[in-house]
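**Q** Below is start18.txt; it holds compact mmCIF, C-alpha atoms.
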# COMPACT_ATOMS: atom_id res chain seq x y z
CA MET Z 1 0.00 0.00 0.00
CA GLN Z 2 1.44 3.37 -1.00
CA VAL Z 3 0.65 6.31 1.29
CA PHE Z 4 1.49 9.82 0.14
CA VAL Z 5 2.23 12.35 2.89
CA SER Z 6 2.26 15.93 1.66
CA GLU Z 7 3.50 18.70 3.94
CA TYR Z 8 3.15 22.01 2.12
CA VAL Z 9 5.68 24.28 3.84
CA CYS Z 10 8.73 21.99 4.03
CA GLY Z 11 7.67 19.71 1.21
CA GLY Z 12 8.40 22.23 -1.53
CA GLY Z 13 5.11 24.06 -1.97
CA TRP Z 14 6.11 27.17 0.02
CA PRO Z 15 6.39 30.06 -2.49
CA GLU Z 16 8.43 32.45 -0.35
CA ALA Z 17 12.20 32.79 -0.67
CA GLU Z 18 12.76 31.85 2.96
CA ILE Z 19 11.33 28.85 4.79
CA SER Z 20 11.14 29.88 8.43
CA GLY Z 21 8.75 30.71 11.24
CA SER Z 22 6.30 28.62 13.23
CA LEU Z 23 4.63 27.06 10.20
CA ALA Z 24 7.97 25.64 9.05
CA VAL Z 25 9.00 24.43 12.52
CA GLU Z 26 5.70 22.72 13.23
CA GLY Z 27 5.33 21.41 9.67
CA ARG Z 28 8.75 19.77 9.81
CA ALA Z 29 7.94 18.18 13.17
CA MET Z 30 4.57 16.81 12.06
CA LEU Z 31 5.95 15.49 8.78
CA THR Z 32 8.83 13.72 10.52
CA ALA Z 33 6.53 12.13 13.10
CA ILE Z 34 3.80 10.90 10.76
CA VAL Z 35 6.28 9.55 8.20
CA ASP Z 36 7.99 7.58 10.95
CA ASP Z 37 4.70 6.20 12.27
CA LEU Z 38 3.23 5.26 8.90
CA SER Z 39 6.45 3.59 7.77
CA ARG Z 40 6.28 1.23 10.78
CA ILE Z 41 3.02 -0.28 9.56
CA PRO Z 42 3.63 -3.57 7.74
CA SER Z 43 3.09 -3.51 3.95
CA VAL Z 44 2.97 0.29 3.85
CA GLU Z 45 5.30 2.31 1.62
CA VAL Z 46 5.43 6.01 2.42
CA VAL Z 47 6.20 8.55 -0.28
CA THR Z 48 6.65 12.28 0.28
CA THR Z 49 8.29 15.44 -1.06
CA TRP Z 50 10.98 17.65 0.48
CA ASP Z 51 12.20 21.13 -0.38
CA ALA Z 52 15.77 20.85 -1.70
CA ARG Z 53 16.65 24.19 -0.04
CA LEU Z 54 16.39 22.51 3.37
CA GLY Z 55 19.14 20.00 2.77
CA ALA Z 56 18.74 16.36 3.76
CA PRO Z 57 15.29 15.36 5.07
CA PRO Z 58 15.17 14.71 8.84
CA PHE Z 59 13.43 11.33 8.50
CA ARG Z 60 13.96 7.89 7.08
CA GLY Z 61 11.50 5.26 5.99
CA ALA Z 62 10.02 7.19 3.08
CA ARG Z 63 10.69 7.42 -0.63
CA THR Z 64 11.41 11.13 -0.80
CA HIS Z 65 11.29 13.35 -3.88
CA ARG Z 66 13.47 16.44 -3.42
CA VAL Z 67 11.91 19.34 -5.31
CA LYS Z 68 13.41 22.63 -6.42
CA SER Z 69 10.32 24.77 -7.02
CA PRO Z 70 6.64 25.04 -6.07
CA ALA Z 71 5.72 24.23 -9.66
CA GLU Z 72 7.66 20.96 -9.50
CA GLU Z 73 6.10 20.15 -6.14
CA ASN Z 74 2.58 20.84 -7.41
CA ALA Z 75 3.05 18.54 -10.39
CA LEU Z 76 4.34 15.81 -8.09
CA PHE Z 77 1.47 16.38 -5.68
CA GLU Z 78 -1.12 15.78 -8.39
CA ARG Z 79 0.64 12.67 -9.69
CA LEU Z 80 1.30 11.09 -6.30
CA ALA Z 81 -2.21 11.82 -5.02
CA ALA Z 82 -3.66 10.08 -8.07
CA GLU Z 83 -1.46 6.99 -7.91
CA SER Z 84 -1.32 6.44 -4.14
CA ASN Z 85 -3.75 4.35 -2.11
CA ALA Z 86 -4.16 7.16 0.42
CA THR Z 87 -3.00 10.76 0.86
CA LEU Z 88 -2.46 12.71 4.07
CA VAL Z 89 -2.38 16.47 3.50
CA ILE Z 90 -0.65 18.79 6.00
CA ALA Z 91 -1.02 22.42 4.99
CA PRO Z 92 -2.07 25.77 6.46
CA GLU Z 93 -5.62 26.95 5.92
CA THR Z 94 -4.28 30.37 4.85
CA ASP Z 95 -5.33 31.56 1.37
CA GLY Z 96 -7.27 28.36 0.81
CA VAL Z 97 -4.17 26.17 0.50
CA LEU Z 98 -5.46 23.26 2.59
CA PHE Z 99 -8.86 23.36 0.88
CA ALA Z 100 -7.35 23.41 -2.62
CA ARG Z 101 -5.09 20.47 -1.85
CA CYS Z 102 -7.86 18.34 -0.37
CA GLN Z 103 -10.08 19.19 -3.32
CA ALA Z 104 -7.30 18.18 -5.72
CA VAL Z 105 -6.98 14.77 -4.06
CA GLU Z 106 -10.73 14.25 -4.37
CA ALA Z 107 -10.70 15.33 -8.02
CA ALA Z 108 -7.92 12.83 -8.72
CA GLY Z 109 -10.02 10.02 -7.23
CA GLY Z 110 -7.66 9.65 -4.28
CA ARG Z 111 -8.47 8.67 -0.71
CA LEU Z 112 -7.99 11.44 1.82
CA LEU Z 113 -6.64 10.47 5.23
CA GLY Z 114 -8.37 13.47 6.71
CA PRO Z 115 -11.37 15.79 6.41
CA ARG Z 116 -13.20 16.21 3.13
CA SER Z 117 -12.76 19.48 1.29
CA ARG Z 118 -16.24 20.71 2.25
CA ALA Z 119 -15.36 20.36 5.94
CA VAL Z 120 -12.05 22.14 5.38
CA ALA Z 121 -13.84 25.03 3.65
CA LEU Z 122 -16.09 25.56 6.65
CA CYS Z 123 -13.45 25.14 9.37
CA ALA Z 124 -10.85 27.27 7.59
CA ASP Z 125 -13.17 30.29 7.61
CA LYS Z 126 -13.16 31.30 11.28
CA LEU Z 127 -16.04 33.74 10.88
CA ARG Z 128 -18.25 31.27 9.04
CA LEU Z 129 -17.38 28.50 11.48
CA ALA Z 130 -18.22 30.68 14.51
CA GLU Z 131 -21.62 31.49 13.02
CA HIS Z 132 -22.21 27.80 12.23
CA LEU Z 133 -21.31 26.73 15.77
CA ARG Z 134 -23.36 29.46 17.41
CA THR Z 135 -26.43 28.64 15.33
CA ALA Z 136 -26.12 24.99 16.42
CA GLY Z 137 -25.98 25.98 20.09
CA VAL Z 138 -22.26 25.29 20.63
CA ASN Z 139 -20.60 27.45 23.27
CA THR Z 140 -18.15 29.29 21.04
CA ILE Z 141 -16.31 32.58 21.14
CA ALA Z 142 -17.95 35.71 19.74
CA THR Z 143 -16.42 36.56 16.37
CA GLU Z 144 -16.83 39.72 14.31
CA VAL Z 145 -15.42 40.90 11.03
CA TRP Z 146 -14.29 44.53 11.01
CA ASP Z 147 -12.45 46.28 8.22
CA PHE Z 148 -10.62 48.93 10.22
CA SER Z 149 -8.02 49.72 7.56
CA ASN Z 150 -9.43 53.20 6.94
CA GLN Z 151 -10.82 53.91 10.40
CA THR Z 152 -9.29 55.70 13.35
CA ALA Z 153 -10.15 54.40 16.79
CA GLY Z 154 -9.88 57.91 18.25
CA GLN Z 155 -12.41 59.33 15.79
CA GLY Z 156 -15.39 57.08 16.38
CA GLY Z 157 -14.02 54.03 14.62
CA ALA Z 158 -14.20 51.83 17.70
CA PRO Z 159 -14.32 48.07 17.23
CA PRO Z 160 -17.69 46.32 17.65
CA LEU Z 161 -16.34 44.48 20.72
CA PRO Z 162 -14.95 46.07 23.90
CA PHE Z 163 -11.23 45.95 24.65
CA PRO Z 164 -9.26 43.81 25.19
CA ILE Z 165 -9.71 42.07 21.87
CA VAL Z 166 -7.83 39.45 19.87
CA VAL Z 167 -7.19 40.22 16.20
CA LYS Z 168 -6.43 37.33 13.86
CA PRO Z 169 -6.69 36.37 10.18
CA ARG Z 170 -10.04 35.01 9.10
CA ASP Z 171 -8.26 32.02 7.52
CA GLY Z 172 -4.98 31.95 9.42
CA ALA Z 173 -2.98 29.12 10.96
CA GLY Z 174 -0.17 28.83 13.46
CA SER Z 175 -0.96 32.11 15.31
CA GLN Z 176 0.14 34.06 12.23
CA LEU Z 177 -0.67 37.79 12.58
CA THR Z 178 -2.59 37.15 15.82
CA ARG Z 179 -2.43 39.89 18.43
CA LEU Z 180 -3.91 40.76 21.79
CA ILE Z 181 -4.92 44.44 21.71
CA ALA Z 182 -5.69 46.10 25.01
CA GLY Z 183 -6.82 49.53 23.80
CA SER Z 184 -7.02 52.18 21.09
CA ALA Z 185 -3.31 53.02 21.12
CA GLU Z 186 -2.29 49.41 20.49
CA LEU Z 187 -4.93 49.15 17.79
CA GLU Z 188 -3.49 52.17 15.99
CA GLN Z 189 0.00 50.74 16.24
CA PHE Z 190 -1.18 47.42 14.85
CA ARG Z 191 -2.94 49.17 11.98
CA GLY Z 192 0.19 51.11 11.16
CA ASP Z 193 2.29 47.98 11.05
CA HIS Z 194 0.20 46.26 8.37
CA ASP Z 195 -1.26 47.24 5.02
CA ALA Z 196 -4.93 47.63 4.11
CA PRO Z 197 -5.33 44.30 2.24
CA THR Z 198 -4.17 42.50 5.36
CA HIS Z 199 -6.68 44.35 7.53
CA ALA Z 200 -9.56 43.41 5.26
CA LYS Z 201 -9.01 39.71 6.03
CA LEU Z 202 -8.94 40.06 9.82
CA ILE Z 203 -11.53 39.19 12.44
CA ILE Z 204 -11.77 40.18 16.08
CA GLN Z 205 -12.77 38.22 19.15
CA PRO Z 206 -13.03 39.13 22.84
CA TYR Z 207 -10.06 38.18 24.96
CA VAL Z 208 -11.20 35.49 27.39
CA PRO Z 209 -8.80 34.90 30.30
CA GLY Z 210 -8.33 31.19 30.84
CA LYS Z 211 -6.32 28.12 29.98
CA PRO Z 212 -5.88 27.27 26.28
CA CYS Z 213 -6.43 23.58 25.58
CA SER Z 214 -7.10 21.30 22.66
CA VAL Z 215 -8.76 17.96 22.09
CA ALA Z 216 -7.95 15.70 19.15
CA LEU Z 217 -10.45 13.29 17.64
CA LEU Z 218 -9.96 10.33 15.32
CA ILE Z 219 -12.89 9.78 12.97
CA SER Z 220 -13.10 6.78 10.67
CA PRO Z 221 -13.83 7.12 6.92
CA SER Z 222 -17.44 6.04 7.54
CA GLY Z 223 -17.81 8.56 10.35
CA ARG Z 224 -19.22 5.84 12.62
CA GLU Z 225 -16.09 5.08 14.63
CA ILE Z 226 -14.86 7.98 16.73
CA GLU Z 227 -12.18 8.18 19.38
CA VAL Z 228 -11.95 11.34 21.48
CA LEU Z 229 -8.41 11.68 22.82
CA PRO Z 230 -7.41 13.11 26.22
CA PRO Z 231 -7.26 16.92 26.38
CA ALA Z 232 -3.91 18.60 25.80
CA GLU Z 233 -2.58 21.85 27.24
CA GLN Z 234 -1.35 24.47 24.79
CA LEU Z 235 1.77 26.38 25.82
CA LEU Z 236 1.57 29.85 24.25
CA SER Z 237 3.83 32.89 24.45
CA ALA Z 238 2.89 35.57 26.97
CA ASP Z 239 3.74 38.53 24.70
CA GLY Z 240 0.25 38.97 23.26
CA ARG Z 241 1.12 37.13 20.05
CA PHE Z 242 -0.03 33.66 21.20
CA THR Z 243 2.95 31.97 19.54
CA TYR Z 244 2.73 28.21 19.95
CA ARG Z 245 5.55 26.92 22.18
CA GLY Z 246 4.40 23.33 22.44
CA GLY Z 247 2.06 21.44 24.71
CA ARG Z 248 1.50 18.92 27.43
CA VAL Z 249 -0.49 15.68 27.09
CA PRO Z 250 -2.63 14.94 28.93
CA SER Z 251 -3.82 18.25 30.31
CA ARG Z 252 -3.71 18.92 34.03
CA THR Z 253 -7.21 20.39 33.72
CA SER Z 254 -9.47 18.41 35.99
CA ASP Z 255 -12.67 18.33 33.94
CA TRP Z 256 -11.61 16.22 30.96
CA SER Z 257 -15.19 15.18 30.29
CA ALA Z 258 -16.39 18.75 29.71
CA LEU Z 259 -13.57 19.43 27.23
CA GLN Z 260 -14.10 16.17 25.35
CA THR Z 261 -17.86 16.65 25.22
CA ALA Z 262 -17.49 20.20 23.89
CA ALA Z 263 -14.99 19.12 21.23
CA TRP Z 264 -17.09 16.21 20.03
CA GLY Z 265 -20.25 18.33 20.03
CA ALA Z 266 -18.56 20.87 17.76
CA CYS Z 267 -17.29 18.21 15.35
CA GLN Z 268 -20.65 16.49 15.08
CA ILE Z 269 -22.21 19.44 13.28
CA VAL Z 270 -19.49 19.77 10.62
CA PRO Z 271 -20.20 17.35 7.76
CA GLY Z 272 -17.18 15.61 6.27
CA LEU Z 273 -14.80 15.70 9.23
CA ARG Z 274 -12.66 12.57 9.03
CA GLY Z 275 -9.26 11.34 10.18
CA TYR Z 276 -7.36 13.43 12.72
CA VAL Z 277 -9.12 16.63 13.80
CA GLY Z 278 -7.96 19.12 16.44
CA VAL Z 279 -10.34 21.35 18.39
CA ASP Z 280 -8.99 24.42 20.21
CA LEU Z 281 -10.79 25.45 23.38
CA ILE Z 282 -10.47 27.83 26.32
CA VAL Z 283 -11.16 26.83 29.90
CA PRO Z 284 -12.30 30.25 31.15
CA GLU Z 285 -11.29 31.56 34.56
CA GLN Z 286 -14.92 32.51 35.03
CA GLY Z 287 -16.85 29.28 34.53
CA PRO Z 288 -14.15 26.63 34.07
CA SER Z 289 -16.77 23.87 33.83
CA ASN Z 290 -18.11 25.42 30.62
CA PRO Z 291 -15.26 25.38 28.05
CA ILE Z 292 -15.45 27.59 24.97
CA VAL Z 293 -14.78 26.21 21.49
CA VAL Z 294 -12.46 28.58 19.62
CA GLU Z 295 -11.86 26.78 16.33
CA ILE Z 296 -11.61 23.41 14.60
CA ASN Z 297 -8.39 22.43 12.82
CA PRO Z 298 -9.29 20.04 9.97
CA ARG Z 299 -5.81 18.51 9.74
CA LEU Z 300 -2.97 17.02 11.73
CA THR Z 301 -1.94 19.36 14.56
CA THR Z 302 1.25 19.64 16.58
CA SER Z 303 -0.46 17.93 19.53
CA TYR Z 304 -0.02 14.71 17.57
CA LEU Z 305 3.60 14.82 18.75
CA GLY Z 306 2.48 14.46 22.34
CA TYR Z 307 -0.21 11.90 21.71
CA ARG Z 308 2.14 9.57 19.84
CA ALA Z 309 4.61 9.76 22.74
CA ILE Z 310 2.15 8.43 25.33
CA ALA Z 311 0.10 6.07 23.14
CA SER Z 312 0.82 2.38 23.56
CA GLU Z 313 -0.19 1.77 19.94
CA ASN Z 314 0.66 3.44 16.63
CA ILE Z 315 -2.01 6.12 16.15
CA ALA Z 316 -1.17 6.36 12.46
CA GLU Z 317 -2.49 2.83 12.03
CA TRP Z 318 -5.85 4.00 13.37
CA LEU Z 319 -5.94 6.67 10.65
CA LEU Z 320 -4.98 4.31 7.85
CA LEU Z 321 -6.61 1.03 8.89
CA PRO Z 322 -9.32 1.86 11.46
CA THR Z 323 -11.13 -1.47 11.14
CA ARG Z 324 -7.92 -3.33 12.08
CA PHE Z 325 -7.00 -1.15 15.03
CA ARG Z 326 -7.62 -2.35 18.58
CA ARG Z 327 -9.85 0.04 20.53
CA PRO Z 328 -9.84 2.02 22.65
CA ILE Z 329 -6.33 3.45 22.45
CA GLN Z 330 -4.26 2.47 25.45
CA TRP Z 331 -2.26 5.28 27.08
CA ARG Z 332 0.92 5.05 29.10
CA GLN Z 333 0.98 6.40 32.64
CA GLY Z 334 2.09 9.97 33.25
CA SER Z 335 2.27 12.94 30.91
CA VAL Z 336 4.65 14.36 28.35
CA GLU Z 337 5.61 17.93 27.49
CA PHE Z 338 6.91 18.80 24.03
CA ASP Z 339 8.02 21.91 22.19
CA ALA Z 340 6.85 23.17 18.79
CA ALA Z 341 9.70 21.36 17.04
CA GLY Z 342 8.53 18.00 18.36
CA ARG Z 343 11.22 17.57 21.01
CA ILE Z 344 10.14 15.93 24.25
CA VAL Z 345 11.22 18.36 26.97
CA GLY Z 346 9.50 16.97 30.04
Output the structure of this file as structure tokens.

**A**
Amino acid sequence: MQVFVSEYVCGGGWPEAEISGSLAVEGRAMLTAIVDDLSRIPSVEVVTTWDARLGAPPFRGARTHRVKSPAEENALFERLAAESNATLVIAPETDGVLFARCQAVEAAGGRLLGPRSRAVALCADKLRLAEHLRTAGVNTIATEVWDFSNQTAGQGGAPPLPFPIVVKPRDGAGSQLTRLIAGSAELEQFRGDHDAPTHAKLIIQPYVPGKPCSVALLISPSGREIEVLPPAEQLLSADGRFTYRGGRVPSRTSDWSALQTAAWGACQIVPGLRGYVGVDLIVPEQGPSNPIVVEINPRLTTSYLGYRAIASENIAEWLLLPTRFRRPIQWRQGSVEFDAAGRIVG
């Protein structure tokens, strides 16, 4: 069985001259981990791509095509997705990249080891997803779109939500361009740092003090077999940029059941969610028993690095061969802390 793993940023699809930042660090870590896990499954051959600018790939166990341009990578992506038995896509939601790649696999008649393109389209649009969740009665965070590129906070152009607010891209990933803004002065500074086209794609949300967590779910191709994994803590920077520093699995939060129930409830109302799905939540300081769903990540997330470290079985086998996998997943005692690069640090 040939399984194609495509990681967009480090795999050669990244169009920028420099491959750096959190997307590259986390992408490299996820690609390395999932290639290793899939390659340990008997009768599975893993194939992937790697950007030649990054030197030697950091993993073994895969037939790796080194590519020299996004055009070459895209051509390989289409061919490998068509000829492989299954394709796992790892890509940011930004600018519709993840959606386009999942749609391309479907168009080629390939099998996606992950959410269908229609689910990606909904989850990637944070404004649309928030409205969808709220309409369904899910406890989610208030989300507003506000084009403040030509407004001045000091001249009546106040945001539709009271400060402090969180500003983020409507389709962003990896905390890119996400900021905590405490008042008008910070808002003006943020506006001055970025151009008008960027502003037009931003949304705002209220800042909710609390503990950021996530819950991953494994959903079979039929959608009938679901495994809700233990909650994970998210370790974020304290500079108002929410940069992902890693996580801890399982979370030290006491009410696992509330987090798992909230995550599963959110996923149930999004048609086409399959494979590995990550749900970001906040355990608020005021009302910790009522977690808030922030967003749904329709793809492999960095928390996979922690889950694989404490799982007694190979989680990748669940994704690829769910009918053969022994359930439920057995977890080792204790917890593990990891950084954004996939290193176990505690």

**Q** Write out, as JSON lines, each residue of region 266-340 of chain Z that has an atom at most 12 Å from region 1-11 of chain Z, together with the closest pair of atoms and their distance in Å to one decimal, counting only C-alpha atoms, rows going by chain and rising number.

**A**
{"residue": "Z:Arg299", "atom": "CA", "partner": "Z:Glu7", "partner_atom": "CA", "distance": 11.0}
{"residue": "Z:Leu300", "atom": "CA", "partner": "Z:Glu7", "partner_atom": "CA", "distance": 10.3}
{"residue": "Z:Thr301", "atom": "CA", "partner": "Z:Glu7", "partner_atom": "CA", "distance": 12.0}
{"residue": "Z:Ala316", "atom": "CA", "partner": "Z:Val3", "partner_atom": "CA", "distance": 11.3}
{"residue": "Z:Glu317", "atom": "CA", "partner": "Z:Val3", "partner_atom": "CA", "distance": 11.7}
{"residue": "Z:Leu319", "atom": "CA", "partner": "Z:Val3", "partner_atom": "CA", "distance": 11.5}
{"residue": "Z:Leu320", "atom": "CA", "partner": "Z:Val3", "partner_atom": "CA", "distance": 8.9}
{"residue": "Z:Leu321", "atom": "CA", "partner": "Z:Met1", "partner_atom": "CA", "distance": 11.1}

**Q** Work out how far apart CA of Leu23 (chain Z) and CA of Val35 (chain Z) are and give it in Å to one decimal.

**A**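 For CA of Leu23 (chain Z) relative to CA of Val35 (chain Z), the distance reads 17.7 Å.
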
**Q** Would you pick out the contacts of Ala232 (chain Z) at 8 Å or less, using all atoms listed in the file, so that residues sharing its chain but fewer than 6 positions from it are not included, and give the list as a ChimeraX atom specification?

**A** /Z:213-215,247-251,303

**Q** Those same residues, written as a compact mmCIF listing (two decimals), keeping the file's coordinate frame with C-alpha atoms?

**A**
# COMPACT_ATOMS: atom_id res chain seq x y z
CA CYS Z 213 -6.43 23.58 25.58
CA SER Z 214 -7.10 21.30 22.66
CA VAL Z 215 -8.76 17.96 22.09
CA GLY Z 247 2.06 21.44 24.71
CA ARG Z 248 1.50 18.92 27.43
CA VAL Z 249 -0.49 15.68 27.09
CA PRO Z 250 -2.63 14.94 28.93
CA SER Z 251 -3.82 18.25 30.31
CA SER Z 303 -0.46 17.93 19.53

**Q** Taking only C-alpha atoms into account, which of Z:Val166, Z:Met30, Z:Ala100, Z:Ala142 comes nearest Arg179 (chain Z)?

**A** Z:Val166

**Q** Using only C-alpha atoms, pick whichever of Z:Ala185, Z:Ile141, Z:Leu235, Z:Leu76 has the shortest atom-to-atom distance to Pro291 (chain Z).

**A** Z:Ile141

**Q** I need the residue nearest Lys201 (chain Z) from this list: Z:Trp264, Z:Asp125, Z:Pro284, Z:Tyr276. Use only C-alpha atoms for the distance.

**A**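 The answer is Z:Asp125, which sits nearest to Lys201 (chain Z).
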
**Q** Looking at Z:Thr87, Z:Gln189, Z:Thr48, Z:Thr253, which one is nearest to Pro212 (chain Z), with distances taken over all atoms listed in the file?

**A**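 Among the listed residues, the smallest separation from Pro212 (chain Z) belongs to Z:Thr253.
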
**Q** Quick one: of Z:Asn290, Z:Pro15, Z:Trp256, Z:Ile315, who's nearest to Arg40 (chain Z), counting all atoms listed in the file?

**A**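 Result for the nearest residue to Arg40 (chain Z): Z:Ile315.
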
**Q** Between CA of Val277 (chain Z) and CA of Arg170 (chain Z), what is the distance in Å, rounded to a tenth?

**A**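 According to the coordinates, CA of Val277 (chain Z) and CA of Arg170 (chain Z) are separated by 19.0 Å.
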
**Q** Could you jot down the CA of Asp239 (chain Z) to CA of His194 (chain Z) separation for me, Å, one decimal place?

**A**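 CA of His194 (chain Z) lies 18.4 Å from CA of Asp239 (chain Z).
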
**Q** Residues within 12 Å of Ala71 (chain Z), please, as a CSV table (one decimal) with C-alpha atoms, keeping the file's coordinate frame. Count only C-alpha atoms; anything in the same chain fewer than 2 positions from it doesn't count.

**A**
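result-v9.csv, written as the output of this step:
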chain,number,residue,atom,x,y,z
Z,11,GLY,CA,7.7,19.7,1.2
Z,12,GLY,CA,8.4,22.2,-1.5
Z,13,GLY,CA,5.1,24.1,-2.0
Z,14,TRP,CA,6.1,27.2,0.0
Z,15,PRO,CA,6.4,30.1,-2.5
Z,51,ASP,CA,12.2,21.1,-0.4
Z,67,VAL,CA,11.9,19.3,-5.3
Z,68,LYS,CA,13.4,22.6,-6.4
Z,69,SER,CA,10.3,24.8,-7.0
Z,73,GLU,CA,6.1,20.2,-6.1
Z,74,ASN,CA,2.6,20.8,-7.4
Z,75,ALA,CA,3.0,18.5,-10.4
Z,76,LEU,CA,4.3,15.8,-8.1
Z,77,PHE,CA,1.5,16.4,-5.7
Z,78,GLU,CA,-1.1,15.8,-8.4

**Q** Write out as a count of residues only each polymer residue whose atoms come within 9 Å of Phe99 (chain Z), counting all atoms listed in the file; drop sequence neighbours fewer than 3 positions from it.

**A** 14

**Q** Closest to Thr140 (chain Z) among Z:Thr302, Z:Val208, Z:Val47, Z:Arg332, using all atoms listed in the file?

**A**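 Counting all atoms listed in the file, the residue closest to Thr140 (chain Z) is Z:Val208.
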
**Q** Find the residues near Arg224 (chain Z): any atom within 12 Å, counting all atoms listed in the file, skip ones fewer than 3 places away on the same chain, and give them as an MDAnalysis selection string.

**A** chainID Z and resid 218:221 227 268 272:275 322:323
